[in-house]
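Student: Please find one structure pasted underneath; my questions will follow.
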Amino acid sequence: MVTLTINGKEIQVPKGTTILDAAAELGITIPTLCWLKKVSTTGACRICIVDIAGVDRPMTACNTPVKEGISVTTSTPKLEETRKKTLELMLVNHPLDCPVCDAGGECKLQDTCYSLKVDKNSYGADLERLPIRYDWKLLESDPNRCILCEKCVKVCREIVGREAIEVVDRGDNTIIDTMTREPLDCDFCGNCIGACPTGTLISKPFKFKGRPWTFDVTPSVCAFCSTGCQIDYHAKDGRVERVTSSDDGFNRGNLCVNGRFGYAAFNSPARITEPLIKDGSNLKGASWDRALKTVAEGFKDAAADSDGNAVAGIGSPRVTNEESYLFQKFLRGALGSNNIDSEARLGYLPSQVIQWEMLGYSGGTFSMDAIEKATAIIVIGADLKAESAGFAYRVIQVATKNNAKLVVAGSRPSSMNKFANAFLQCRPGSEAWLVAGLNKAVLAEGLASAGNLTELEGLKSSLDLLSFERITEISGITEIQLREAAALICSGGRTAVIYGAGVIRAADSRNAVAGTIDLALLTGAVADTGAGIYPLDEKNNTQGMLDMGICPEYLPGYRTYEHAAAAFSSAWNRAVPVVQGKDLFQIIDAIEAGQIKALYVMGSDPLHYMPNRTRIMKALQKLELLVVQDLFLTDTAKLAHVVLPAASGAEKSGSFTSADNRIQCFTAAVKPAGDARSDADILTALYSLVTTGSAPVQVSLDVLHHEITTLSGLYSEVCDHEGCRMGRSKNRTATSVCLPLAPLVPTPAPTNHAFALTIGSILHHNGSMTTMSENNMLVAGEAYVELSCDDAASMGVVSGDVLTVTSDTGSVLLKARLSEQLQPGALFVPAHFREAAATTLTDSASFPQYVSLSKG
């Protein structure tokens, strides 16, 4: 510890602490302009100068470390005058366009001038107007307003991991721009806008929408990816016009393109604003009373004729925990059906069943900030920015600032490769062999954790049957690579394991997932001293949806029918069926067989995401009653008999549970669009109509939370952070069970379909929701098929050529995009775009799928 004195007050702080931070601990504010806590210091603005006894010139407090015994003075008449003169010099070339500057009212330069009483300028110069970058997408840059604080550059580099903007030129010509002066090529996360202290960088969609103080600002939680970022909605006249995030929040103000710009989907003219009922072959507007009565009578009749067996529901990872709970309560309690599932069946749910079997819990071990304390991280089968960008930002921080070792493994490269100490690129479909090889290497190197692991010998025995030579033959990863990666993964004793769609939806997903969790056990990642395991799903509330019982296997809280059906029946005063229902794929089978006649789809588009689109369409067309509850007229909604308009995440109150098991509550920022209603209001009304035939009695969130916490045992009414009403139960019983591995030999590509296709996420979209955002579509407006440069050369394909992708189940036309990193023989298609109908090509939920590729 270092002892020093600031303004006559003595303080002890750790070695390396800056004077600025030491002063803050004493409650002493030193003015700054270029300082930003979350990035490295620059000392560019010189506003934070202080006097140090014995030093003959002022020193910048933001980047001067404390020293033993120094005496610091933060304010004297001379310091204040110097700060004023410094600001005056900044203002010499600064345009006085505050009346039309979007930063007006929240400009740090304005605030600093006001606080330092800079009311006139003794300096002058001939103004030279620099060209404004109007050509950038989503962002606009006016270099005339720039004070060269470099915060935007540092955020881009140090937080986002990009180098989209740079300090360009020198002297009077210095500006922030792209290095080549070409149009902006970046993540379009907008974090540079949040960091800018002036109006240099602004949001183009927000430009001239209004002054900051004219908006209603509502703290909330992002409704896109599974990171669960804390955000603020800025609303006016019933519309969300901007999203920001405070640096004081859990995500430190860092957002991705979806979180910052995806709100445009909520304002889309494509929103459904009134109930629709099919009249002949057309959907026509109807009153809520008529629509709800039609739905209630239809479901009630179908359930009564079959003891609930003819009814099924597909839930949504987009809705709140409370709404998911009400959805399964309606299916189970009102209709007597356990036929309930969701798109999590495609991978995330099966993976979490395995994780629960091995570890005793699903989702992340700790909140994701534990990753920042990791000494080693392995990311397996995940494109972090595309699947859950907040995890990417944490990994970048720990890899670059804390020098943690990073290993990236999977068949596809990602933006994390540039930070990795090793990249293990396996052949598509060999992910289970890759993770088996890593487990074998950890054991062979004697690096396994000393923890008490159940069934460890069984794992060892199974790995003894797999030689490194065979693993290399199938995966393409050598023994040397595996052993070197094992050493990296186990370095420092505090490992984090992150796995995503490449593992969860692998061809041999059971062995891939089990092997990944085995690796977390062997490295000690899931021990109290580890940095945790984190399964990822792309959407915001997949974890909460499963916690609430949106699956046929379990009641809320993963409680079995045998042990808990009676308790739920008693609480609901309705008989809950005790026989496990049908899962997503079995529901489709049962529709085809004529056994399920009525289907309730809430916030989901199975025709878009389920494999074999043609088959799914035919099945849905067989239903006697298809009810779709959504924001948009999705492909599935177009087939519906009744469509109920729902509210967006900005238009409702409730809670989301992020991938790392943080439960966060929020309130509505605006009213639902048009005559739309929250899913909770719709479900409450339907429950009442089916069970009592009477008008619904609104249930408060507090009452609903009490019911959830009492029955699930998984959630608690004691929250661990301010502003919420519900938290995760601390009574989790963890286990440490290793599973033996017996990876399956990948199916070879058929001769007529030689390419290995993966359909997945990209960073500029989240699900299909953001394809309804004009902002996201501006930067990523259409689907494509990505292929290696080698394959393109051999086929005579150039970027932009239209290619036909064909499988045994169908074909689609997509434009070509060339990649220098994709393996020869591998293809990638983004999953987000409905028009592409990419699932026409698939016959299962796993990847790769084998296809052929031809021009035209």
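Chains: A, B, ... in order of the structure tokens. Residues: from 1 per chain. Ligands: from 1, in order shown.
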Just the strand (DSSP E or B) stuff from range 35-128 of chain A, please, per backbone DSSP, written as number ranges by chain.

Tutor: A: 49-52, 59-60, 65, 71-73

Student: Write the residues of the preceding selection, restricted to N, CA, C and O atoms, as a JSON list (two decimals), in the first residue's frame.

Tutor:
[["chain", "number", "residue", "atom", "x", "y", "z"],
["A", 49, "ILE", "N", -5.07, 18.32, -14.48],
["A", 49, "ILE", "CA", -3.78, 18.63, -13.88],
["A", 49, "ILE", "C", -3.90, 18.94, -12.38],
["A", 49, "ILE", "O", -4.88, 19.51, -11.92],
["A", 50, "VAL", "N", -2.88, 18.53, -11.63],
["A", 50, "VAL", "CA", -2.79, 18.77, -10.19],
["A", 50, "VAL", "C", -1.35, 19.18, -9.86],
["A", 50, "VAL", "O", -0.42, 18.94, -10.64],
["A", 51, "ASP", "N", -1.21, 19.77, -8.71],
["A", 51, "ASP", "CA", 0.12, 20.12, -8.21],
["A", 51, "ASP", "C", 0.60, 19.04, -7.25],
["A", 51, "ASP", "O", -0.17, 18.56, -6.41],
["A", 52, "ILE", "N", 1.87, 18.67, -7.38],
["A", 52, "ILE", "CA", 2.50, 17.74, -6.45],
["A", 52, "ILE", "C", 3.67, 18.46, -5.81],
["A", 52, "ILE", "O", 4.53, 19.01, -6.52],
["A", 59, "MET", "N", 0.93, 17.99, -13.01],
["A", 59, "MET", "CA", 0.90, 16.63, -13.55],
["A", 59, "MET", "C", -0.56, 16.21, -13.81],
["A", 59, "MET", "O", -1.46, 16.61, -13.08],
["A", 60, "THR", "N", -0.74, 15.41, -14.84],
["A", 60, "THR", "CA", -2.09, 14.92, -15.12],
["A", 60, "THR", "C", -2.44, 13.80, -14.14],
["A", 60, "THR", "O", -1.72, 12.81, -14.02],
["A", 65, "PRO", "N", 0.72, 7.74, -11.48],
["A", 65, "PRO", "CA", 0.53, 6.83, -10.34],
["A", 65, "PRO", "C", 0.97, 7.48, -9.03],
["A", 65, "PRO", "O", 1.85, 8.36, -9.02],
["A", 71, "SER", "N", 2.42, 14.80, -1.65],
["A", 71, "SER", "CA", 1.33, 15.68, -1.23],
["A", 71, "SER", "C", 0.76, 16.33, -2.48],
["A", 71, "SER", "O", 1.48, 17.02, -3.22],
["A", 72, "VAL", "N", -0.52, 16.10, -2.71],
["A", 72, "VAL", "CA", -1.18, 16.54, -3.94],
["A", 72, "VAL", "C", -2.19, 17.64, -3.62],
["A", 72, "VAL", "O", -2.93, 17.55, -2.63],
["A", 73, "THR", "N", -2.22, 18.66, -4.46],
["A", 73, "THR", "CA", -3.23, 19.70, -4.37],
["A", 73, "THR", "C", -4.01, 19.71, -5.67],
["A", 73, "THR", "O", -3.42, 19.79, -6.75]]

Student: Compile the contact shell of range 635-642 of chain A as an NGL selection string: residues with an atom at most 6 Å away, counting only C-alpha atoms, same-chain residues fewer than 2 positions apart removed.

Tutor: :A and (276-278 or 605 or 607 or 626-628 or 633)

Student: For the alpha helix (DSSP H) assignment from backbone DSSP, which residues of range 429-618 of chain A qualify? Please present them as an mmCIF file with C-alpha atoms, in the first residue's frame.

Tutor:
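Done, and the output landed in states.cif:
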data_model
loop_
_atom_site.group_PDB
_atom_site.id
_atom_site.type_symbol
_atom_site.label_atom_id
_atom_site.label_comp_id
_atom_site.auth_asym_id
_atom_site.auth_seq_id
_atom_site.Cartn_x
_atom_site.Cartn_y
_atom_site.Cartn_z
ATOM 1 C CA GLU A 431 -16.378 -31.271 -32.373
ATOM 2 C CA ALA A 432 -16.932 -34.247 -30.056
ATOM 3 C CA TRP A 433 -13.520 -35.623 -31.037
ATOM 4 C CA LEU A 434 -11.921 -32.231 -30.469
ATOM 5 C CA VAL A 435 -13.165 -31.965 -26.877
ATOM 6 C CA ALA A 436 -12.323 -35.618 -26.216
ATOM 7 C CA GLY A 437 -8.787 -34.838 -27.377
ATOM 8 C CA LEU A 438 -8.553 -31.861 -25.049
ATOM 9 C CA ASN A 439 -9.675 -33.965 -22.098
ATOM 10 C CA LYS A 440 -7.154 -36.638 -23.005
ATOM 11 C CA ALA A 441 -4.382 -34.043 -23.306
ATOM 12 C CA VAL A 442 -5.175 -32.502 -19.897
ATOM 13 C CA LEU A 443 -4.937 -35.921 -18.288
ATOM 14 C CA ALA A 444 -1.836 -36.943 -20.258
ATOM 15 C CA LEU A 456 -13.378 -39.831 -13.146
ATOM 16 C CA GLU A 457 -12.057 -43.337 -13.704
ATOM 17 C CA GLY A 458 -14.870 -44.016 -16.149
ATOM 18 C CA LEU A 459 -13.862 -40.939 -18.140
ATOM 19 C CA LYS A 460 -10.219 -41.993 -18.117
ATOM 20 C CA SER A 461 -11.094 -45.480 -19.303
ATOM 21 C CA SER A 462 -13.192 -44.144 -22.166
ATOM 22 C CA LEU A 463 -10.373 -41.866 -23.262
ATOM 23 C CA ASP A 464 -7.876 -44.736 -23.147
ATOM 24 C CA PHE A 468 -4.286 -39.291 -30.305
ATOM 25 C CA GLU A 469 -3.671 -40.613 -33.806
ATOM 26 C CA ARG A 470 -7.356 -41.427 -34.262
ATOM 27 C CA ILE A 471 -8.394 -38.064 -32.814
ATOM 28 C CA THR A 472 -6.068 -36.293 -35.246
ATOM 29 C CA GLU A 473 -7.318 -38.385 -38.170
ATOM 30 C CA ILE A 474 -10.928 -37.359 -37.531
ATOM 31 C CA SER A 475 -10.619 -33.823 -36.150
ATOM 32 C CA GLU A 479 -1.463 -34.265 -30.525
ATOM 33 C CA ILE A 480 1.055 -31.455 -30.145
ATOM 34 C CA GLN A 481 -1.684 -28.854 -30.654
ATOM 35 C CA LEU A 482 -3.886 -30.557 -28.082
ATOM 36 C CA ARG A 483 -1.138 -30.814 -25.473
ATOM 37 C CA GLU A 484 -0.074 -27.197 -26.000
ATOM 38 C CA ALA A 485 -3.697 -26.070 -25.713
ATOM 39 C CA ALA A 486 -4.119 -28.122 -22.524
ATOM 40 C CA ALA A 487 -1.172 -26.316 -20.959
ATOM 41 C CA LEU A 488 -2.684 -22.960 -21.896
ATOM 42 C CA ILE A 489 -6.149 -23.865 -20.616
ATOM 43 C CA ALA A 501 -23.895 -23.399 -30.864
ATOM 44 C CA GLY A 502 -20.955 -25.237 -32.438
ATOM 45 C CA VAL A 503 -21.014 -27.643 -29.474
ATOM 46 C CA ILE A 504 -24.698 -27.476 -28.574
ATOM 47 C CA SER A 509 -23.915 -33.055 -29.532
ATOM 48 C CA ARG A 510 -24.210 -35.379 -26.535
ATOM 49 C CA ASN A 511 -20.513 -36.289 -26.556
ATOM 50 C CA ALA A 512 -19.512 -32.736 -27.515
ATOM 51 C CA VAL A 513 -21.455 -31.213 -24.612
ATOM 52 C CA ALA A 514 -20.455 -33.904 -22.103
ATOM 53 C CA GLY A 515 -16.828 -33.576 -23.175
ATOM 54 C CA THR A 516 -16.937 -29.804 -22.722
ATOM 55 C CA ILE A 517 -18.353 -30.169 -19.208
ATOM 56 C CA ASP A 518 -15.800 -32.894 -18.446
ATOM 57 C CA LEU A 519 -13.134 -30.398 -19.460
ATOM 58 C CA ALA A 520 -14.615 -27.814 -17.073
ATOM 59 C CA LEU A 521 -14.419 -30.405 -14.290
ATOM 60 C CA LEU A 522 -10.855 -31.454 -15.087
ATOM 61 C CA THR A 542 -33.806 -18.870 -23.111
ATOM 62 C CA GLN A 543 -32.455 -19.703 -19.656
ATOM 63 C CA GLY A 544 -35.424 -18.096 -17.902
ATOM 64 C CA MET A 545 -37.875 -19.758 -20.269
ATOM 65 C CA LEU A 546 -36.538 -23.192 -19.340
ATOM 66 C CA ASP A 547 -36.460 -22.258 -15.646
ATOM 67 C CA TYR A 561 -44.139 -34.510 -12.384
ATOM 68 C CA GLU A 562 -43.714 -37.352 -9.929
ATOM 69 C CA HIS A 563 -42.498 -35.083 -7.153
ATOM 70 C CA ALA A 564 -44.243 -31.788 -7.855
ATOM 71 C CA ALA A 565 -47.412 -32.197 -9.944
ATOM 72 C CA ALA A 566 -49.523 -32.460 -6.800
ATOM 73 C CA ALA A 567 -48.144 -29.210 -5.412
ATOM 74 C CA PHE A 568 -48.839 -27.332 -8.642
ATOM 75 C CA SER A 569 -52.319 -28.872 -8.892
ATOM 76 C CA SER A 570 -53.098 -27.725 -5.361
ATOM 77 C CA ALA A 571 -51.796 -24.190 -5.923
ATOM 78 C CA TRP A 572 -53.650 -23.775 -9.212
ATOM 79 C CA LEU A 584 -41.067 -30.010 -30.380
ATOM 80 C CA PHE A 585 -40.348 -32.733 -32.907
ATOM 81 C CA GLN A 586 -42.955 -35.076 -31.429
ATOM 82 C CA ILE A 587 -45.522 -32.271 -31.634
ATOM 83 C CA ILE A 588 -44.919 -32.067 -35.398
ATOM 84 C CA ASP A 589 -45.180 -35.850 -35.683
ATOM 85 C CA ALA A 590 -48.462 -35.779 -33.765
ATOM 86 C CA ILE A 591 -49.874 -32.996 -35.952
ATOM 87 C CA GLU A 592 -49.047 -35.037 -39.035
ATOM 88 C CA PRO A 606 -41.174 -22.573 -36.108
ATOM 89 C CA LEU A 607 -41.550 -22.346 -39.867
ATOM 90 C CA HIS A 608 -38.416 -20.191 -39.867
ATOM 91 C CA TYR A 609 -36.139 -22.106 -37.499
ATOM 92 C CA ARG A 613 -39.226 -26.108 -43.735
ATOM 93 C CA THR A 614 -41.363 -27.782 -46.394
ATOM 94 C CA ARG A 615 -42.423 -30.530 -44.001
ATOM 95 C CA ILE A 616 -43.191 -28.064 -41.185
ATOM 96 C CA MET A 617 -45.370 -25.946 -43.467
ATOM 97 C CA LYS A 618 -47.438 -28.943 -44.515
#

Student: Just give me the gap between CA of Gly492 in chain A and CA of Ser226 in chain A in Å, one decimal is fine.

Tutor: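 Here the two named atoms are 28.2 Å from each other.
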
Student: Closest to Ala816 in chain A among A:Thr804, A:Asn339, A:Asn121, A:Ser700, using only C-alpha atoms?

Tutor: A:Thr804

Student: To one decimal place, how far is CA of Gly800 in chain A from CA of Val829 in chain A in Å?

Tutor: 14.1 Å

Student: Using only C-alpha atoms for the distances, tell me which of A:Glu10, A:Glu835, A:Asp508, A:Glu150 is nearest to Leu744 in chain A.

Tutor: A:Asp508

Student: Excluding range 785-791 of chain A and its own-chain neighbours fewer than 3 positions away, which residues fall within 8 Å of it when counting only C-alpha atoms? Please give them as a PyMOL selection string.

Tutor: chain A and resi 794-795+803+814-830

Student: With a distance cut-off of 10 Å and only C-alpha atoms, select the neighbouring residues of range 97-102 of chain A, excluding the residue or stretch itself and same-chain residues fewer than 5 positions from it, and output the selection as a list in words.

Tutor: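 Result of the neighbour search: Cys107, Gln110, Arg145, Thr198, Gly199, Thr200, Leu201, Ile202, Ser203, Lys204, Phe206, Lys207, Phe208, Lys209, Gly210, Arg211 and Pro212 of chain A.
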
Student: My list of candidates is A:Val497, A:Leu625, A:Cys196, A:Leu346. Which is closest to Ala527 in chain A when distances are computed with only C-alpha atoms?

Tutor: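 Looking at the shortest contact to Ala527 in chain A, the residue is A:Val497.
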
Student: Identify, on the basis of only C-alpha atoms, every residue whose closest approach to Leu778 in chain A does not exceed 9 Å; exclude the query and any residue fewer than 5 positions from it along the same chain; express the result as number ranges by chain.

Tutor: A: 137-138, 773

Student: Convert the current residue selection to file output with N, CA, C and O atoms, as a PDB file, in the first residue's frame.

Tutor:
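What ended up in selection_2.pdb:
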ATOM      1  N   LYS A 137     -22.541   4.328 -42.145  1.00  0.00           N
ATOM      2  CA  LYS A 137     -23.828   3.766 -41.776  1.00  0.00           C
ATOM      3  C   LYS A 137     -24.031   3.877 -40.262  1.00  0.00           C
ATOM      4  O   LYS A 137     -23.123   3.581 -39.488  1.00  0.00           O
ATOM      5  N   LEU A 138     -25.204   4.292 -39.862  1.00  0.00           N
ATOM      6  CA  LEU A 138     -25.633   4.391 -38.461  1.00  0.00           C
ATOM      7  C   LEU A 138     -24.886   5.435 -37.647  1.00  0.00           C
ATOM      8  O   LEU A 138     -25.404   5.938 -36.660  1.00  0.00           O
ATOM      9  N   SER A 773     -35.673  -4.476 -38.018  1.00  0.00           N
ATOM     10  CA  SER A 773     -35.073  -3.185 -37.643  1.00  0.00           C
ATOM     11  C   SER A 773     -34.385  -2.586 -38.860  1.00  0.00           C
ATOM     12  O   SER A 773     -33.446  -3.178 -39.407  1.00  0.00           O
TER      13      SER A 773
END

Student: From the list A:Ala409, A:Pro143, A:Ala125, A:Leu644, which residue is nearest Thr294 in chain A when using only C-alpha atoms?

Tutor: A:Leu644

Student: Which residues, written as a ChimeraX atom specification, have at least one atom at most 9 Å from Glu322 in chain A, with only C-alpha atoms counted and residues fewer than 2 positions away on the same chain left out?

Tutor: /A:319-320,324-327,548,654-656,680,701,704-705,708

Student: Atoms to include: N, CA, C and O atoms. Write the selected residues as a PDB file, in the first residue's frame.

Tutor:
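Output file selection.pdb follows:
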ATOM      1  N   VAL A 319     -39.988 -13.700 -24.442  1.00  0.00           N
ATOM      2  CA  VAL A 319     -40.914 -13.133 -23.461  1.00  0.00           C
ATOM      3  C   VAL A 319     -40.302 -13.192 -22.068  1.00  0.00           C
ATOM      4  O   VAL A 319     -39.245 -13.784 -21.846  1.00  0.00           O
ATOM      5  N   THR A 320     -40.972 -12.584 -21.115  1.00  0.00           N
ATOM      6  CA  THR A 320     -40.452 -12.510 -19.748  1.00  0.00           C
ATOM      7  C   THR A 320     -40.612 -13.841 -19.022  1.00  0.00           C
ATOM      8  O   THR A 320     -41.357 -14.730 -19.453  1.00  0.00           O
ATOM      9  N   SER A 324     -43.625 -16.619 -19.552  1.00  0.00           N
ATOM     10  CA  SER A 324     -43.382 -18.044 -19.785  1.00  0.00           C
ATOM     11  C   SER A 324     -44.082 -18.891 -18.731  1.00  0.00           C
ATOM     12  O   SER A 324     -44.660 -19.945 -19.040  1.00  0.00           O
ATOM     13  N   TYR A 325     -44.023 -18.447 -17.488  1.00  0.00           N
ATOM     14  CA  TYR A 325     -44.710 -19.172 -16.410  1.00  0.00           C
ATOM     15  C   TYR A 325     -46.212 -19.240 -16.689  1.00  0.00           C
ATOM     16  O   TYR A 325     -46.838 -20.299 -16.556  1.00  0.00           O
ATOM     17  N   LEU A 326     -46.793 -18.112 -17.085  1.00  0.00           N
ATOM     18  CA  LEU A 326     -48.228 -18.082 -17.370  1.00  0.00           C
ATOM     19  C   LEU A 326     -48.578 -18.945 -18.576  1.00  0.00           C
ATOM     20  O   LEU A 326     -49.655 -19.545 -18.628  1.00  0.00           O
ATOM     21  N   PHE A 327     -47.681 -19.006 -19.556  1.00  0.00           N
ATOM     22  CA  PHE A 327     -47.924 -19.819 -20.754  1.00  0.00           C
ATOM     23  C   PHE A 327     -48.024 -21.297 -20.401  1.00  0.00           C
ATOM     24  O   PHE A 327     -48.968 -21.985 -20.793  1.00  0.00           O
ATOM     25  N   MET A 548     -38.746 -21.635 -16.204  1.00  0.00           N
ATOM     26  CA  MET A 548     -40.193 -21.517 -15.985  1.00  0.00           C
ATOM     27  C   MET A 548     -40.973 -22.731 -16.481  1.00  0.00           C
ATOM     28  O   MET A 548     -42.205 -22.741 -16.449  1.00  0.00           O
ATOM     29  N   GLY A 654     -41.527  -6.954 -16.292  1.00  0.00           N
ATOM     30  CA  GLY A 654     -41.263  -8.350 -15.944  1.00  0.00           C
ATOM     31  C   GLY A 654     -39.804  -8.566 -15.635  1.00  0.00           C
ATOM     32  O   GLY A 654     -39.121  -7.663 -15.136  1.00  0.00           O
ATOM     33  N   SER A 655     -39.298  -9.754 -15.956  1.00  0.00           N
ATOM     34  CA  SER A 655     -37.892 -10.064 -15.698  1.00  0.00           C
ATOM     35  C   SER A 655     -37.353 -11.000 -16.757  1.00  0.00           C
ATOM     36  O   SER A 655     -38.094 -11.771 -17.371  1.00  0.00           O
ATOM     37  N   PHE A 656     -36.054 -10.908 -16.986  1.00  0.00           N
ATOM     38  CA  PHE A 656     -35.314 -11.823 -17.852  1.00  0.00           C
ATOM     39  C   PHE A 656     -34.221 -12.492 -17.027  1.00  0.00           C
ATOM     40  O   PHE A 656     -33.686 -11.900 -16.074  1.00  0.00           O
ATOM     41  N   ALA A 680     -48.533 -11.378 -21.072  1.00  0.00           N
ATOM     42  CA  ALA A 680     -49.118 -11.689 -19.760  1.00  0.00           C
ATOM     43  C   ALA A 680     -50.598 -11.339 -19.725  1.00  0.00           C
ATOM     44  O   ALA A 680     -51.425 -12.113 -19.209  1.00  0.00           O
ATOM     45  N   LEU A 701     -47.311  -8.306 -10.461  1.00  0.00           N
ATOM     46  CA  LEU A 701     -46.032  -9.006 -10.587  1.00  0.00           C
ATOM     47  C   LEU A 701     -45.572  -9.557  -9.245  1.00  0.00           C
ATOM     48  O   LEU A 701     -44.995 -10.645  -9.188  1.00  0.00           O
ATOM     49  N   LEU A 704     -47.392 -12.740  -8.637  1.00  0.00           N
ATOM     50  CA  LEU A 704     -46.895 -13.755  -9.565  1.00  0.00           C
ATOM     51  C   LEU A 704     -45.506 -14.238  -9.158  1.00  0.00           C
ATOM     52  O   LEU A 704     -45.206 -15.432  -9.203  1.00  0.00           O
ATOM     53  N   HIS A 705     -44.658 -13.318  -8.722  1.00  0.00           N
ATOM     54  CA  HIS A 705     -43.322 -13.694  -8.259  1.00  0.00           C
ATOM     55  C   HIS A 705     -43.405 -14.622  -7.046  1.00  0.00           C
ATOM     56  O   HIS A 705     -42.631 -15.583  -6.932  1.00  0.00           O
ATOM     57  N   ILE A 708     -44.262 -18.034  -8.324  1.00  0.00           N
ATOM     58  CA  ILE A 708     -43.120 -18.655  -9.004  1.00  0.00           C
ATOM     59  C   ILE A 708     -42.089 -19.142  -7.999  1.00  0.00           C
ATOM     60  O   ILE A 708     -41.609 -20.280  -8.069  1.00  0.00           O
TER      61      ILE A 708
END

Student: Using only C-alpha atoms, I'd like a table of the residues in range 24-122 of chain A that come within 12 Å of range 249-266 of chain A; for each, show the closest atom pair and its distance in Å rounded to one decimal, ordered by chain and ascending number, as JSON lines.

Tutor:
{"residue": "A:Leu36", "atom": "CA", "partner": "A:Arg252", "partner_atom": "CA", "distance": 10.8}
{"residue": "A:Lys37", "atom": "CA", "partner": "A:Arg252", "partner_atom": "CA", "distance": 9.4}
{"residue": "A:Lys38", "atom": "CA", "partner": "A:Arg252", "partner_atom": "CA", "distance": 7.5}
{"residue": "A:Val39", "atom": "CA", "partner": "A:Arg252", "partner_atom": "CA", "distance": 10.9}

Student: Measuring atom to atom with only C-alpha atoms, identify which of A:Glu68, A:Glu163, A:Asp56, A:Asp216 is nearest to Gln12 in chain A.

Tutor: A:Glu68

Student: Which of these, A:Val802, A:Arg181, A:Lys15, A:Thr691, has the shortest distance to Asp169 in chain A once you count only C-alpha atoms?

Tutor: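 Smallest distance to Asp169 in chain A is found for A:Arg181.
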
Student: Using CA of Gly581 in chain A and CA of Thr842 in chain A as the two end points, give the distance in Å to one decimal.

Tutor: 25.3 Å
